[in-house]
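Q: Below is run-v8.pdb; it holds PDB, C-alpha atoms, pLDDT in the B column.
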```
ATOM      1  CA  MET U  27     -43.060 -53.140  43.781  1.00 85.00           C
ATOM      2  CA  ARG U  28     -42.309 -50.501  41.147  1.00 76.00           C
ATOM      3  CA  SER U  29     -40.677 -47.080  41.384  1.00 77.00           C
ATOM      4  CA  SER U  30     -38.128 -44.959  39.547  1.00 79.00           C
ATOM      5  CA  LEU U  31     -36.162 -45.255  42.773  1.00 75.00           C
ATOM      6  CA  PHE U  32     -35.204 -48.766  41.664  1.00 72.00           C
ATOM      7  CA  SER U  33     -33.832 -47.683  38.283  1.00 77.00           C
ATOM      8  CA  ALA U  34     -30.423 -48.971  37.206  1.00 78.00           C
ATOM      9  CA  GLU U  35     -28.665 -45.706  38.007  1.00 75.00           C
ATOM     10  CA  ASN U  36     -29.557 -46.101  41.704  1.00 74.00           C
ATOM     11  CA  LEU U  37     -28.572 -49.752  42.030  1.00 79.00           C
ATOM     12  CA  GLU U  38     -25.275 -50.681  43.640  1.00 75.00           C
ATOM     13  CA  GLN U  39     -22.393 -50.577  41.156  1.00 75.00           C
ATOM     14  CA  GLU U  40     -20.506 -53.871  41.118  1.00 74.00           C
ATOM     15  CA  SER U  41     -16.876 -54.438  40.171  1.00 70.00           C
ATOM     16  CA  ALA U  42     -14.560 -57.434  40.077  1.00 67.00           C
ATOM     17  CA  GLN U  43     -11.602 -55.464  41.450  1.00 71.00           C
ATOM     18  CA  PRO U  44     -11.211 -54.175  45.017  1.00 78.00           C
ATOM     19  CA  GLY U  45     -10.620 -50.506  45.759  1.00 89.00           C
ATOM     20  CA  MET U  46     -12.478 -47.224  45.779  1.00 92.00           C
ATOM     21  CA  ARG U  47     -14.778 -45.993  43.033  1.00 92.00           C
ATOM     22  CA  LEU U  48     -17.739 -43.684  42.699  1.00 93.00           C
ATOM     23  CA  GLN U  49     -21.165 -45.144  43.369  1.00 92.00           C
ATOM     24  CA  ASN U  50     -22.517 -41.804  42.148  1.00 92.00           C
ATOM     25  CA  SER U  51     -21.403 -38.180  42.284  1.00 93.00           C
ATOM     26  CA  LYS U  52     -22.190 -37.907  46.009  1.00 95.00           C
ATOM     27  CA  LEU U  53     -21.274 -41.374  47.250  1.00 95.00           C
ATOM     28  CA  LEU U  54     -17.966 -43.226  47.429  1.00 96.00           C
ATOM     29  CA  LYS U  55     -17.844 -47.022  47.429  1.00 95.00           C
ATOM     30  CA  ILE U  56     -14.821 -48.923  48.706  1.00 95.00           C
ATOM     31  CA  GLU U  57     -14.740 -52.611  47.788  1.00 94.00           C
ATOM     32  CA  LEU U  58     -12.583 -53.451  50.758  1.00 93.00           C
ATOM     33  CA  ASN U  59     -10.060 -56.273  50.867  1.00 92.00           C
ATOM     34  CA  GLY U  60      -7.592 -55.146  53.497  1.00 92.00           C
ATOM     35  CA  GLU U  61      -7.640 -51.622  54.871  1.00 93.00           C
ATOM     36  CA  ALA U  62      -8.289 -47.995  54.000  1.00 93.00           C
ATOM     37  CA  MET U  63      -8.429 -44.674  55.856  1.00 90.00           C
ATOM     38  CA  ALA U  64     -11.572 -42.537  56.066  1.00 91.00           C
ATOM     39  CA  ARG U  65     -13.001 -39.498  57.776  1.00 89.00           C
ATOM     40  CA  VAL U  66     -14.738 -40.305  61.044  1.00 86.00           C
ATOM     41  CA  GLY U  67     -18.503 -40.258  60.652  1.00 89.00           C
ATOM     42  CA  SER U  68     -18.427 -40.573  56.859  1.00 93.00           C
ATOM     43  CA  MET U  69     -19.729 -44.164  56.693  1.00 95.00           C
ATOM     44  CA  VAL U  70     -23.359 -44.298  55.548  1.00 95.00           C
ATOM     45  CA  ALA U  71     -23.620 -48.063  54.905  1.00 95.00           C
ATOM     46  CA  TYR U  72     -21.532 -51.224  54.669  1.00 94.00           C
ATOM     47  CA  GLN U  73     -21.890 -54.902  53.830  1.00 94.00           C
ATOM     48  CA  GLY U  74     -19.684 -57.786  54.830  1.00 94.00           C
ATOM     49  CA  ASN U  75     -17.102 -58.264  57.567  1.00 95.00           C
ATOM     50  CA  VAL U  76     -15.815 -54.747  58.200  1.00 95.00           C
ATOM     51  CA  GLN U  77     -14.304 -53.165  61.304  1.00 94.00           C
ATOM     52  CA  PHE U  78     -13.871 -49.472  62.082  1.00 92.00           C
ATOM     53  CA  GLN U  79     -11.077 -48.269  64.357  1.00 88.00           C
ATOM     54  CA  ALA U  80     -10.821 -44.643  65.443  1.00 80.00           C
ATOM     55  CA  LEU U  81      -7.235 -43.452  65.604  1.00 71.00           C
ATOM     56  CA  GLY U  82      -6.120 -42.207  69.012  1.00 49.00           C
ATOM     57  CA  SER U  83      -6.001 -38.511  69.841  1.00 41.00           C
ATOM     58  CA  GLY U  84      -2.713 -38.654  71.716  1.00 40.00           C
ATOM     59  CA  GLY U  85       0.843 -38.698  70.487  1.00 42.00           C
ATOM     60  CA  LEU U  86       2.847 -36.342  68.323  1.00 45.00           C
ATOM     61  CA  GLY U  87       1.210 -33.007  67.670  1.00 50.00           C
ATOM     62  CA  LYS U  88      -1.270 -33.225  70.551  1.00 40.00           C
ATOM     63  CA  PHE U  89      -0.817 -29.551  71.331  1.00 42.00           C
ATOM     64  CA  LEU U  90      -1.442 -28.575  67.707  1.00 46.00           C
ATOM     65  CA  LYS U  91      -4.537 -30.758  67.545  1.00 46.00           C
ATOM     66  CA  GLN U  92      -6.044 -29.081  70.560  1.00 40.00           C
ATOM     67  CA  LYS U  93      -5.253 -25.584  69.352  1.00 42.00           C
ATOM     68  CA  LEU U  94      -6.016 -25.988  65.656  1.00 46.00           C
ATOM     69  CA  THR U  95      -8.665 -28.654  65.359  1.00 41.00           C
ATOM     70  CA  GLY U  96     -10.201 -29.409  68.737  1.00 34.00           C
ATOM     71  CA  GLU U  97     -10.911 -32.897  67.377  1.00 35.00           C
ATOM     72  CA  GLY U  98      -9.868 -36.062  69.148  1.00 33.00           C
ATOM     73  CA  VAL U  99     -10.471 -38.822  66.593  1.00 36.00           C
ATOM     74  CA  PRO U 100     -11.351 -37.375  63.166  1.00 71.00           C
ATOM     75  CA  LEU U 101      -9.669 -40.216  61.252  1.00 80.00           C
ATOM     76  CA  MET U 102     -10.586 -43.904  61.254  1.00 86.00           C
ATOM     77  CA  LYS U 103      -9.054 -47.089  59.856  1.00 90.00           C
ATOM     78  CA  VAL U 104     -11.443 -49.367  57.956  1.00 94.00           C
ATOM     79  CA  THR U 105     -10.391 -53.020  57.719  1.00 94.00           C
ATOM     80  CA  GLY U 106     -11.847 -56.315  56.518  1.00 95.00           C
ATOM     81  CA  GLN U 107     -13.678 -57.614  53.461  1.00 94.00           C
ATOM     82  CA  GLY U 108     -16.859 -56.046  52.174  1.00 93.00           C
ATOM     83  CA  ASP U 109     -18.387 -52.945  50.632  1.00 94.00           C
ATOM     84  CA  VAL U 110     -18.219 -49.606  52.466  1.00 95.00           C
ATOM     85  CA  PHE U 111     -20.128 -46.508  51.371  1.00 96.00           C
ATOM     86  CA  LEU U 112     -18.869 -43.071  52.402  1.00 96.00           C
ATOM     87  CA  ALA U 113     -20.298 -39.575  51.988  1.00 96.00           C
ATOM     88  CA  GLU U 114     -20.269 -36.169  53.646  1.00 94.00           C
ATOM     89  CA  LEU U 115     -23.229 -33.789  53.637  1.00 93.00           C
ATOM     90  CA  ALA U 116     -24.093 -34.730  50.024  1.00 93.00           C
ATOM     91  CA  LYS U 117     -20.930 -33.008  48.760  1.00 95.00           C
ATOM     92  CA  ASP U 118     -19.557 -33.962  45.344  1.00 95.00           C
ATOM     93  CA  VAL U 119     -16.945 -36.738  45.544  1.00 97.00           C
ATOM     94  CA  HIS U 120     -13.877 -36.934  43.278  1.00 96.00           C
ATOM     95  CA  ILE U 121     -11.193 -39.637  43.097  1.00 96.00           C
ATOM     96  CA  ILE U 122      -7.566 -38.760  42.403  1.00 96.00           C
ATOM     97  CA  ASP U 123      -4.917 -41.344  41.489  1.00 95.00           C
ATOM     98  CA  LEU U 124      -1.463 -40.501  42.807  1.00 95.00           C
ATOM     99  CA  GLU U 125       1.573 -41.981  41.106  1.00 93.00           C
ATOM    100  CA  PRO U 126       5.095 -42.298  42.565  1.00 92.00           C
ATOM    101  CA  GLY U 127       6.619 -38.822  42.559  1.00 91.00           C
ATOM    102  CA  ASP U 128       3.253 -37.028  42.828  1.00 92.00           C
ATOM    103  CA  ALA U 129       2.469 -34.838  45.824  1.00 93.00           C
ATOM    104  CA  LEU U 130      -0.834 -33.116  46.519  1.00 93.00           C
ATOM    105  CA  SER U 131      -1.638 -30.516  49.166  1.00 91.00           C
ATOM    106  CA  ILE U 132      -5.265 -30.752  50.308  1.00 89.00           C
ATOM    107  CA  ASN U 133      -7.453 -28.716  52.619  1.00 85.00           C
ATOM    108  CA  GLY U 134      -8.123 -31.135  55.489  1.00 81.00           C
ATOM    109  CA  SER U 135     -11.870 -30.508  55.377  1.00 83.00           C
ATOM    110  CA  SER U 136     -11.953 -31.853  51.790  1.00 89.00           C
ATOM    111  CA  VAL U 137     -10.409 -35.285  52.484  1.00 89.00           C
ATOM    112  CA  LEU U 138     -12.962 -38.123  52.540  1.00 93.00           C
ATOM    113  CA  ALA U 139     -10.862 -41.309  52.280  1.00 93.00           C
ATOM    114  CA  PHE U 140      -7.543 -42.604  50.984  1.00 92.00           C
ATOM    115  CA  ASP U 141      -5.598 -45.804  50.425  1.00 93.00           C
ATOM    116  CA  SER U 142      -3.356 -46.813  53.311  1.00 90.00           C
ATOM    117  CA  THR U 143      -0.482 -47.074  50.817  1.00 91.00           C
ATOM    118  CA  LEU U 144      -0.279 -43.277  50.632  1.00 90.00           C
ATOM    119  CA  GLN U 145       2.034 -41.253  52.850  1.00 87.00           C
ATOM    120  CA  TYR U 146       0.729 -38.091  54.482  1.00 82.00           C
ATOM    121  CA  ASP U 147       2.114 -35.188  56.445  1.00 78.00           C
ATOM    122  CA  ILE U 148       0.900 -31.939  57.976  1.00 74.00           C
ATOM    123  CA  ARG U 149       2.649 -28.819  56.736  1.00 73.00           C
ATOM    124  CA  MET U 150       2.203 -25.131  57.277  1.00 70.00           C
ATOM    125  CA  VAL U 151       0.903 -23.319  54.212  1.00 70.00           C
ATOM    126  CA  GLY U 152       3.754 -21.126  52.980  1.00 64.00           C
ATOM    127  CA  GLY U 153       3.328 -17.428  53.653  1.00 58.00           C
ATOM    128  CA  SER U 154       0.499 -17.843  56.174  1.00 53.00           C
ATOM    129  CA  GLY U 155       0.603 -16.059  59.509  1.00 50.00           C
ATOM    130  CA  MET U 156      -0.457 -17.634  62.764  1.00 41.00           C
ATOM    131  CA  ALA U 157      -3.910 -16.067  62.464  1.00 39.00           C
ATOM    132  CA  ALA U 158      -4.471 -16.940  58.815  1.00 41.00           C
ATOM    133  CA  SER U 159      -7.113 -19.473  57.836  1.00 44.00           C
ATOM    134  CA  GLY U 160      -5.767 -22.575  56.134  1.00 45.00           C
ATOM    135  CA  LEU U 161      -2.711 -22.526  58.378  1.00 57.00           C
ATOM    136  CA  PHE U 162      -1.990 -26.232  57.963  1.00 65.00           C
ATOM    137  CA  ASN U 163      -2.741 -28.558  55.059  1.00 76.00           C
ATOM    138  CA  CYS U 164      -2.492 -32.293  54.444  1.00 82.00           C
ATOM    139  CA  VAL U 165       0.210 -33.255  51.943  1.00 87.00           C
ATOM    140  CA  PHE U 166      -0.211 -36.687  50.335  1.00 91.00           C
ATOM    141  CA  SER U 167       2.370 -38.559  48.284  1.00 92.00           C
ATOM    142  CA  GLY U 168       3.127 -42.075  47.083  1.00 93.00           C
ATOM    143  CA  HIS U 169       1.048 -44.488  45.043  1.00 94.00           C
ATOM    144  CA  GLY U 170      -2.680 -44.922  45.612  1.00 94.00           C
ATOM    145  CA  ARG U 171      -6.101 -43.316  45.469  1.00 94.00           C
ATOM    146  CA  ILE U 172      -7.576 -40.499  47.483  1.00 95.00           C
ATOM    147  CA  ALA U 173     -11.186 -39.312  47.509  1.00 95.00           C
ATOM    148  CA  ILE U 174     -11.893 -35.629  48.086  1.00 94.00           C
ATOM    149  CA  THR U 175     -15.115 -33.653  48.372  1.00 94.00           C
ATOM    150  CA  THR U 176     -16.171 -30.300  46.954  1.00 95.00           C
ATOM    151  CA  ARG U 177     -19.193 -28.102  47.533  1.00 94.00           C
ATOM    152  CA  GLY U 178     -20.439 -28.114  43.950  1.00 92.00           C
ATOM    153  CA  THR U 179     -18.636 -28.656  40.648  1.00 93.00           C
ATOM    154  CA  PRO U 180     -15.078 -27.282  40.912  1.00 94.00           C
ATOM    155  CA  VAL U 181     -12.826 -25.575  38.403  1.00 94.00           C
ATOM    156  CA  VAL U 182      -9.215 -26.716  37.905  1.00 94.00           C
ATOM    157  CA  LEU U 183      -6.941 -23.733  37.304  1.00 94.00           C
ATOM    158  CA  ASN U 184      -3.657 -24.223  35.485  1.00 94.00           C
ATOM    159  CA  VAL U 185      -1.119 -22.021  37.256  1.00 93.00           C
ATOM    160  CA  ASP U 186       0.572 -20.486  34.211  1.00 89.00           C
ATOM    161  CA  GLN U 187       0.324 -16.909  35.546  1.00 88.00           C
ATOM    162  CA  PRO U 188      -0.064 -15.312  38.994  1.00 87.00           C
ATOM    163  CA  THR U 189      -3.096 -17.021  40.516  1.00 90.00           C
ATOM    164  CA  TYR U 190      -5.134 -15.966  43.554  1.00 91.00           C
ATOM    165  CA  VAL U 191      -7.847 -17.997  45.316  1.00 90.00           C
ATOM    166  CA  ASP U 192     -10.055 -17.387  48.330  1.00 88.00           C
ATOM    167  CA  PRO U 193      -8.552 -19.563  51.098  1.00 84.00           C
ATOM    168  CA  GLN U 194     -11.977 -21.002  51.923  1.00 85.00           C
ATOM    169  CA  ALA U 195     -12.573 -22.035  48.287  1.00 90.00           C
ATOM    170  CA  ALA U 196      -9.169 -23.649  47.649  1.00 90.00           C
ATOM    171  CA  VAL U 197      -9.627 -27.440  47.772  1.00 92.00           C
ATOM    172  CA  CYS U 198      -6.226 -28.794  46.736  1.00 92.00           C
ATOM    173  CA  TRP U 199      -3.188 -27.927  44.658  1.00 93.00           C
ATOM    174  CA  SER U 200       0.128 -29.254  43.403  1.00 93.00           C
ATOM    175  CA  ALA U 201       2.439 -29.504  46.402  1.00 91.00           C
ATOM    176  CA  SER U 202       5.284 -28.103  44.302  1.00 90.00           C
ATOM    177  CA  LEU U 203       3.571 -24.698  43.985  1.00 91.00           C
ATOM    178  CA  GLN U 204       4.792 -21.747  46.009  1.00 89.00           C
ATOM    179  CA  THR U 205       2.006 -20.360  48.177  1.00 86.00           C
ATOM    180  CA  GLY U 206       1.522 -17.086  49.993  1.00 84.00           C
ATOM    181  CA  TYR U 207      -1.127 -14.676  51.208  1.00 76.00           C
ATOM    182  CA  HIS U 208      -2.052 -11.565  49.257  1.00 67.00           C
ATOM    183  CA  ARG U 209      -4.084  -8.576  50.432  1.00 64.00           C
ATOM    184  CA  ALA U 210      -6.907  -8.267  47.923  1.00 58.00           C
ATOM    185  CA  GLU U 211      -8.775  -5.413  49.565  1.00 53.00           C
ATOM    186  CA  GLN U 212      -7.273  -1.962  49.279  1.00 53.00           C
ATOM    187  CA  LEU U 213      -7.046  -0.074  52.546  1.00 46.00           C
ATOM    188  CA  GLY U 214      -8.539   3.402  52.583  1.00 46.00           C
ATOM    189  CA  LEU U 215     -11.154   5.671  54.091  1.00 44.00           C
ATOM    190  CA  GLY U 216     -13.955   3.342  52.996  1.00 46.00           C
ATOM    191  CA  THR U 217     -12.346   0.430  54.844  1.00 44.00           C
ATOM    192  CA  LEU U 218     -12.023   2.522  57.999  1.00 46.00           C
ATOM    193  CA  LEU U 219     -15.720   3.380  57.749  1.00 44.00           C
ATOM    194  CA  GLY U 220     -16.635  -0.299  57.630  1.00 45.00           C
ATOM    195  CA  ARG U 221     -17.070  -0.638  53.877  1.00 46.00           C
ATOM    196  CA  ARG U 222     -15.573  -4.042  53.159  1.00 46.00           C
ATOM    197  CA  THR U 223     -15.519  -6.186  50.044  1.00 44.00           C
ATOM    198  CA  GLY U 224     -15.435  -9.445  52.005  1.00 49.00           C
ATOM    199  CA  GLU U 225     -12.224 -10.353  50.172  1.00 53.00           C
ATOM    200  CA  ALA U 226      -9.547  -9.109  52.575  1.00 61.00           C
ATOM    201  CA  PHE U 227      -6.975 -11.823  51.774  1.00 69.00           C
ATOM    202  CA  THR U 228      -6.457 -14.380  49.027  1.00 83.00           C
ATOM    203  CA  MET U 229      -3.993 -17.233  48.657  1.00 85.00           C
ATOM    204  CA  SER U 230      -1.391 -16.730  45.962  1.00 88.00           C
ATOM    205  CA  PHE U 231       0.076 -19.532  43.850  1.00 91.00           C
ATOM    206  CA  ALA U 232       3.166 -19.487  41.665  1.00 91.00           C
ATOM    207  CA  GLY U 233       5.175 -22.095  39.770  1.00 92.00           C
ATOM    208  CA  GLN U 234       3.999 -24.983  37.618  1.00 91.00           C
ATOM    209  CA  GLY U 235       0.934 -26.946  38.601  1.00 93.00           C
ATOM    210  CA  PHE U 236      -2.800 -26.688  39.250  1.00 94.00           C
ATOM    211  CA  VAL U 237      -5.288 -25.481  41.866  1.00 94.00           C
ATOM    212  CA  VAL U 238      -8.756 -26.966  42.383  1.00 95.00           C
ATOM    213  CA  VAL U 239     -11.324 -24.328  43.384  1.00 94.00           C
ATOM    214  CA  GLN U 240     -14.855 -25.098  44.571  1.00 94.00           C
ATOM    215  CA  PRO U 241     -17.804 -22.748  43.874  1.00 92.00           C
ATOM    216  CA  SER U 242     -18.423 -22.255  47.585  1.00 81.00           C
ATOM    217  CA  GLU U 243     -16.504 -21.021  50.593  1.00 70.00           C
ATOM    218  CA  GLU U 244     -16.062 -23.163  53.670  1.00 64.00           C
ATOM    219  CA  PRO U 245     -17.131 -21.184  56.766  1.00 59.00           C
ATOM    220  CA  PRO U 246     -14.108 -19.519  58.411  1.00 52.00           C
ATOM    221  CA  VAL U 247     -12.929 -20.785  61.767  1.00 46.00           C
ATOM    222  CA  MET U 248     -14.647 -18.895  64.565  1.00 43.00           C
ATOM    223  CA  GLY U 249     -14.021 -20.903  67.726  1.00 42.00           C
ATOM    224  CA  SER U 250     -14.567 -24.541  68.550  1.00 40.00           C
ATOM    225  CA  GLY U 251     -17.964 -24.771  66.837  1.00 41.00           C
ATOM    226  CA  ALA U 252     -16.414 -24.350  63.396  1.00 40.00           C
ATOM    227  CA  GLN U 253     -13.241 -26.303  63.962  1.00 43.00           C
ATOM    228  CA  GLU U 254     -14.179 -29.308  61.863  1.00 44.00           C
ATOM    229  CA  GLN U 255     -14.510 -27.057  58.815  1.00 41.00           C
ATOM    230  CA  GLN U 256     -10.891 -25.964  59.158  1.00 43.00           C
ATOM    231  CA  GLY U 257      -9.250 -28.866  60.940  1.00 47.00           C
ATOM    232  CA  GLY U 258     -10.657 -31.697  58.843  1.00 47.00           C
ATOM    233  CA  LEU U 259      -8.435 -34.720  59.312  1.00 55.00           C
ATOM    234  CA  LEU U 260      -5.583 -32.861  60.958  1.00 54.00           C
ATOM    235  CA  GLY U 261      -6.138 -34.325  64.429  1.00 51.00           C
ATOM    236  CA  GLY U 262      -6.020 -37.918  63.247  1.00 55.00           C
ATOM    237  CA  LEU U 263      -3.119 -37.345  60.881  1.00 57.00           C
ATOM    238  CA  LEU U 264      -1.093 -35.786  63.681  1.00 53.00           C
ATOM    239  CA  SER U 265      -1.626 -38.789  65.985  1.00 53.00           C
TER     240      SER U 265
END
```
How would this structure read if it were set down as C-alpha cells?
A:
Amino acid sequence: MRSSLFSAENLEQESAQPGMRLQNSKLLKIELNGEAMARVGSMVAYQGNVQFQALGSGGLGKFLKQKLTGEGVPLMKVTGQGDVFLAELAKDVHIIDLEPGDALSINGSSVLAFDSTLQYDIRMVGGSGMAASGLFNCVFSGHGRIAITTRGTPVVLNVDQPTYVDPQAAVCWSASLQTGYHRAEQLGLGTLLGRRTGEAFTMSFAGQGFVVVQPSEEPPVMGSGAQEQQGGLLGGLLS
C-alpha cells in the first residue's frame, strides 16, 4: 500500500525519554510513565496500559464552578505506561517548560495538559469586575511542562511599554505582570446611536514580562452553551 499519508512526517515520533512532546503542530504526545493531567475529552488515541480518571466536581469552590464554568469534570488524571495523544479542535499546540521560580497565568480554555509536578491555583484577574470576561485564570508554578493551545500562530509581546490586549485573544502572560481593564471605545453620540467598534474593553498589562496573543478571539461567555470557552479547566482545578 502506498500513499503520501504514510510519509515520515506523519509517522509516530519516537523518543527514549518519557514526557510530553509535540507529535506535530496540532497534536501532543505524552510518553507516559506515571501520571499527567489533561483536559477532559482531549484524548484522541493511546497505546499501552493507560487509565483515565475524571476529577470530581465537588469540594472547594463548588459554588464558583457552577456559576463560572457550569462544568462538572473538565480535568482528568492520566496514569500508567504508554503513549497518549491529545488535541483540541485542531488548535496549534505549544509546550512551555516552567522552572522553579516561574509563574504563568493562563486562560483556562487554552490549557491542554500539564505535568502533575506543577502547582496550580485559580486567581481573579486583577482589575476585572464581576461581569468582565476572563474573570478567573489558572496560575501555574513549579517545575515541569505544560501544553497550551492557540487558535493560529500567536505573537509574544514583550511588555516594555503600556500593553493592551483583547481579553478573548490573551492566551497567557507572566504572572508577575499587573493586569487591569481599560475602556478602548470612546463614549459619545455615535455609541448611543449603536455605532460600536466591537472593542469596548481591553486588558492592560504593566511591569516586566510577556503576553502571548492568539490571532483569534475566543467567543465571549453568553450563558451555559459557551461556558467551556471561558471556564476551561477551572471546574476541575477548583475541585
Q: I'd like the interatomic distance between CA of Asn75 in chain U and CA of Thr105 in chain U, to a tenth of an Å.
A: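 We find that CA of Asn75 in chain U and CA of Thr105 in chain U lie 8.5 Å from each other.
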Q: Do you know which residues the PyMOL selection byres ((chain U and resi 63) around 10) returns on this file, as a PyMOL selection string?
A: chain U and resi 61-62+64-66+78-81+101-105+138-144+172
Q: Need to verify the contact set: range 234-238 of chain U, 12 Å, all atoms listed in the file, exclusion of same-chain residues closer than 3 positions in sequence. Can you return it as number ranges by chain?
A: U: 120, 122, 128-133, 136, 174-205, 229-231, 241-242
Q: Using only C-alpha atoms, please write the residues we just selected to a file, as a tab-separated table (two decimals), keeping the file's coordinate frame.
A:
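File written: result.tsv
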```tsv
chain	number	residue	atom	x	y	z
U	120	HIS	CA	-13.88	-36.93	43.28
U	122	ILE	CA	-7.57	-38.76	42.40
U	128	ASP	CA	3.25	-37.03	42.83
U	129	ALA	CA	2.47	-34.84	45.82
U	130	LEU	CA	-0.83	-33.12	46.52
U	131	SER	CA	-1.64	-30.52	49.17
U	132	ILE	CA	-5.26	-30.75	50.31
U	133	ASN	CA	-7.45	-28.72	52.62
U	136	SER	CA	-11.95	-31.85	51.79
U	174	ILE	CA	-11.89	-35.63	48.09
U	175	THR	CA	-15.12	-33.65	48.37
U	176	THR	CA	-16.17	-30.30	46.95
U	177	ARG	CA	-19.19	-28.10	47.53
U	178	GLY	CA	-20.44	-28.11	43.95
U	179	THR	CA	-18.64	-28.66	40.65
U	180	PRO	CA	-15.08	-27.28	40.91
U	181	VAL	CA	-12.83	-25.58	38.40
U	182	VAL	CA	-9.22	-26.72	37.90
U	183	LEU	CA	-6.94	-23.73	37.30
U	184	ASN	CA	-3.66	-24.22	35.48
U	185	VAL	CA	-1.12	-22.02	37.26
U	186	ASP	CA	0.57	-20.49	34.21
U	187	GLN	CA	0.32	-16.91	35.55
U	188	PRO	CA	-0.06	-15.31	38.99
U	189	THR	CA	-3.10	-17.02	40.52
U	190	TYR	CA	-5.13	-15.97	43.55
U	191	VAL	CA	-7.85	-18.00	45.32
U	192	ASP	CA	-10.06	-17.39	48.33
U	193	PRO	CA	-8.55	-19.56	51.10
U	194	GLN	CA	-11.98	-21.00	51.92
U	195	ALA	CA	-12.57	-22.04	48.29
U	196	ALA	CA	-9.17	-23.65	47.65
U	197	VAL	CA	-9.63	-27.44	47.77
U	198	CYS	CA	-6.23	-28.79	46.74
U	199	TRP	CA	-3.19	-27.93	44.66
U	200	SER	CA	0.13	-29.25	43.40
U	201	ALA	CA	2.44	-29.50	46.40
U	202	SER	CA	5.28	-28.10	44.30
U	203	LEU	CA	3.57	-24.70	43.98
U	204	GLN	CA	4.79	-21.75	46.01
U	205	THR	CA	2.01	-20.36	48.18
U	229	MET	CA	-3.99	-17.23	48.66
U	230	SER	CA	-1.39	-16.73	45.96
U	231	PHE	CA	0.08	-19.53	43.85
U	241	PRO	CA	-17.80	-22.75	43.87
U	242	SER	CA	-18.42	-22.26	47.58
```
Q: Name the residues that the PyMOL selection byres ((chain U and resi 169) around 9) picks from the file above, as number ranges by chain, using the file's chain letters and numbers.
A: U: 123-128, 141, 143-145, 167-168, 170-171
Q: Please report the interatomic distance between CA of Leu48 in chain U and CA of Ser30 in chain U in Å with one decimal.
A: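 Here the two named atoms are 20.7 Å from each other.
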Q: Quote the spacing between CA of Val110 in chain U and CA of Leu31 in chain U in Å to one decimal place.
A: 20.9 Å
Q: Run the PyMOL selection byres ((chain U and resi 56) around 6) against the file shown and list the residues it catches, as a list in words.
A: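 Applied to this file, the PyMOL selection byres ((chain U and resi 56) around 6) selects Gly45, Met46, Lys55, Glu57, Leu58, Asp109 and Val110 of chain U.
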